[in-house]
Amino acid sequence: MCFNECTNVMKCKEKNLQDSFYDFVFNKISFDKRERFVEKNGDSIDITPYNSEGVKVVPVWKHLNVEDLDIQDDMERAAEIILESESKCVYFVYPKNDNFKKHIQIKIPELEEMYANDYMIKVVPYSLHDKIKQGS
């Protein structure tokens, strides 16, 4: 197999992982719809509670390390979402790992000037365990 063929196979595999992670996150979020509406919207998942502002969740299949966050493109996308839509709360979710266990709130100077504390961007680790907790 030549290098180009290997590259194409890896891109295809990565795309499948991204799609699978997106579907996994959507299925977990949409499982409980009692007080909210959940829908797919391109690369994001919109959660619209019946009594408060909505949230956009953007699943990203990417290994994060809190000591060396490489999320500039994702944060530009988050700022774009906030500037161009009604959603002022955006969560980017990544697979949880040993180097990424807690959410991180992100502040963007341009948005701070425009919205002060009226927006929220979080980078969130998402557990890949597919267990539903049941009350005892």
# chains A, B, ... in the order shown; residues from 1 in each chain; ligands from 1
call {"tool": "residues_around", "arguments": {"residues": "Ile45 of chain A", "least_positions_apart": "3", "cutoff": "7 Å", "atoms": "only C-alpha atoms", "output": "PyMOL selection string"}}
result
chain A and resi 26+39-41+56-58
call {"tool": "select_by_dssp", "arguments": {"residues": "segment 22-82 of chain A", "states": "alpha helix (DSSP H)", "output": "number ranges by chain"}}
result
A: 22-30, 72-82
call {"tool": "residues_around", "arguments": {"residues": "segment 94-97 of chain A", "least_positions_apart": "6", "cutoff": "9 Å", "atoms": "only C-alpha atoms", "output": "PyMOL selection string"}}
result
chain A and resi 21+58-65+123-128
call {"tool": "closest_residue", "arguments": {"among": "A:Glu86, A:Met75, A:Glu35, A:Ser20", "to": "Glu110 of chain A", "atoms": "only C-alpha atoms"}}
result
A:Met75
call {"tool": "residues_around", "arguments": {"residues": "segment 104-107 of chain A", "least_positions_apart": "3", "cutoff": "8 Å", "atoms": "only C-alpha atoms", "output": "list in words"}}
result
Leu111, Glu112, Met120, Ile121, Lys122, Val123 and Val124 of chain A
call {"tool": "atom_distance", "arguments": {"atom1": "atom CA of Arg77 of chain A", "atom2": "atom CA of Asp23 of chain A"}}
result
19.9 Å
call {"tool": "residues_around", "arguments": {"residues": "Ile81 of chain A", "least_positions_apart": "5", "cutoff": "8 Å", "atoms": "only C-alpha atoms", "output": "PDB file with C-alpha atoms, in the first residue's frame"}}
result
ATOM      1  CA  SER A  87     -26.747  30.108  21.545  1.00  0.00           C
ATOM      2  CA  LYS A  88     -24.558  31.754  24.137  1.00  0.00           C
ATOM      3  CA  VAL A  90     -21.304  26.137  23.872  1.00  0.00           C
TER       4      VAL A  90
END
call {"tool": "atom_distance", "arguments": {"atom1": "atom CA of Gln72 of chain A", "atom2": "atom CA of Ile47 of chain A"}}
result
24.1 Å
call {"tool": "atom_distance", "arguments": {"atom1": "atom CA of His129 of chain A", "atom2": "atom CA of Phe100 of chain A"}}
result
15.3 Å
call {"tool": "select_by_dssp", "arguments": {"residues": "segment 3-102 of chain A", "states": "strand (DSSP E)", "output": "list in words"}}
result
Arg36, Phe37, Val38, Glu39, Lys40, Asn41, Ser44, Ile45, Asp46, Ile47, Thr48, Pro49, Val55, Lys56, Val57, Val58, Pro59, Cys89, Val90, Tyr91, Phe92, Val93, Tyr94 and Pro95 of chain A
call {"tool": "write_last_selection", "arguments": {"atoms": "C-alpha atoms", "output": "PDB file, in the first residue's frame"}}
result
ATOM      1  CA  ARG A  36     -35.843  19.529  26.968  1.00  0.00           C
ATOM      2  CA  PHE A  37     -35.804  19.181  23.220  1.00  0.00           C
ATOM      3  CA  VAL A  38     -32.669  17.621  21.672  1.00  0.00           C
ATOM      4  CA  GLU A  39     -31.818  17.666  17.970  1.00  0.00           C
ATOM      5  CA  LYS A  40     -28.880  17.194  15.632  1.00  0.00           C
ATOM      6  CA  ASN A  41     -27.788  20.376  13.891  1.00  0.00           C
ATOM      7  CA  SER A  44     -23.497  20.166  16.853  1.00  0.00           C
ATOM      8  CA  ILE A  45     -26.267  18.934  19.103  1.00  0.00           C
ATOM      9  CA  ASP A  46     -28.810  21.509  20.235  1.00  0.00           C
ATOM     10  CA  ILE A  47     -30.340  21.130  23.679  1.00  0.00           C
ATOM     11  CA  THR A  48     -33.318  23.401  24.245  1.00  0.00           C
ATOM     12  CA  PRO A  49     -34.736  23.231  27.766  1.00  0.00           C
ATOM     13  CA  VAL A  55     -26.946  24.862  24.802  1.00  0.00           C
ATOM     14  CA  LYS A  56     -24.925  23.753  21.794  1.00  0.00           C
ATOM     15  CA  VAL A  57     -22.798  20.649  22.260  1.00  0.00           C
ATOM     16  CA  VAL A  58     -20.053  19.982  19.731  1.00  0.00           C
ATOM     17  CA  PRO A  59     -18.556  16.484  20.002  1.00  0.00           C
ATOM     18  CA  CYS A  89     -23.569  28.500  25.815  1.00  0.00           C
ATOM     19  CA  VAL A  90     -21.304  26.137  23.872  1.00  0.00           C
ATOM     20  CA  TYR A  91     -19.758  22.930  25.149  1.00  0.00           C
ATOM     21  CA  PHE A  92     -17.045  21.175  23.158  1.00  0.00           C
ATOM     22  CA  VAL A  93     -16.906  17.586  24.348  1.00  0.00           C
ATOM     23  CA  TYR A  94     -13.882  15.342  23.859  1.00  0.00           C
ATOM     24  CA  PRO A  95     -13.238  11.775  24.985  1.00  0.00           C
TER      25      PRO A  95
END
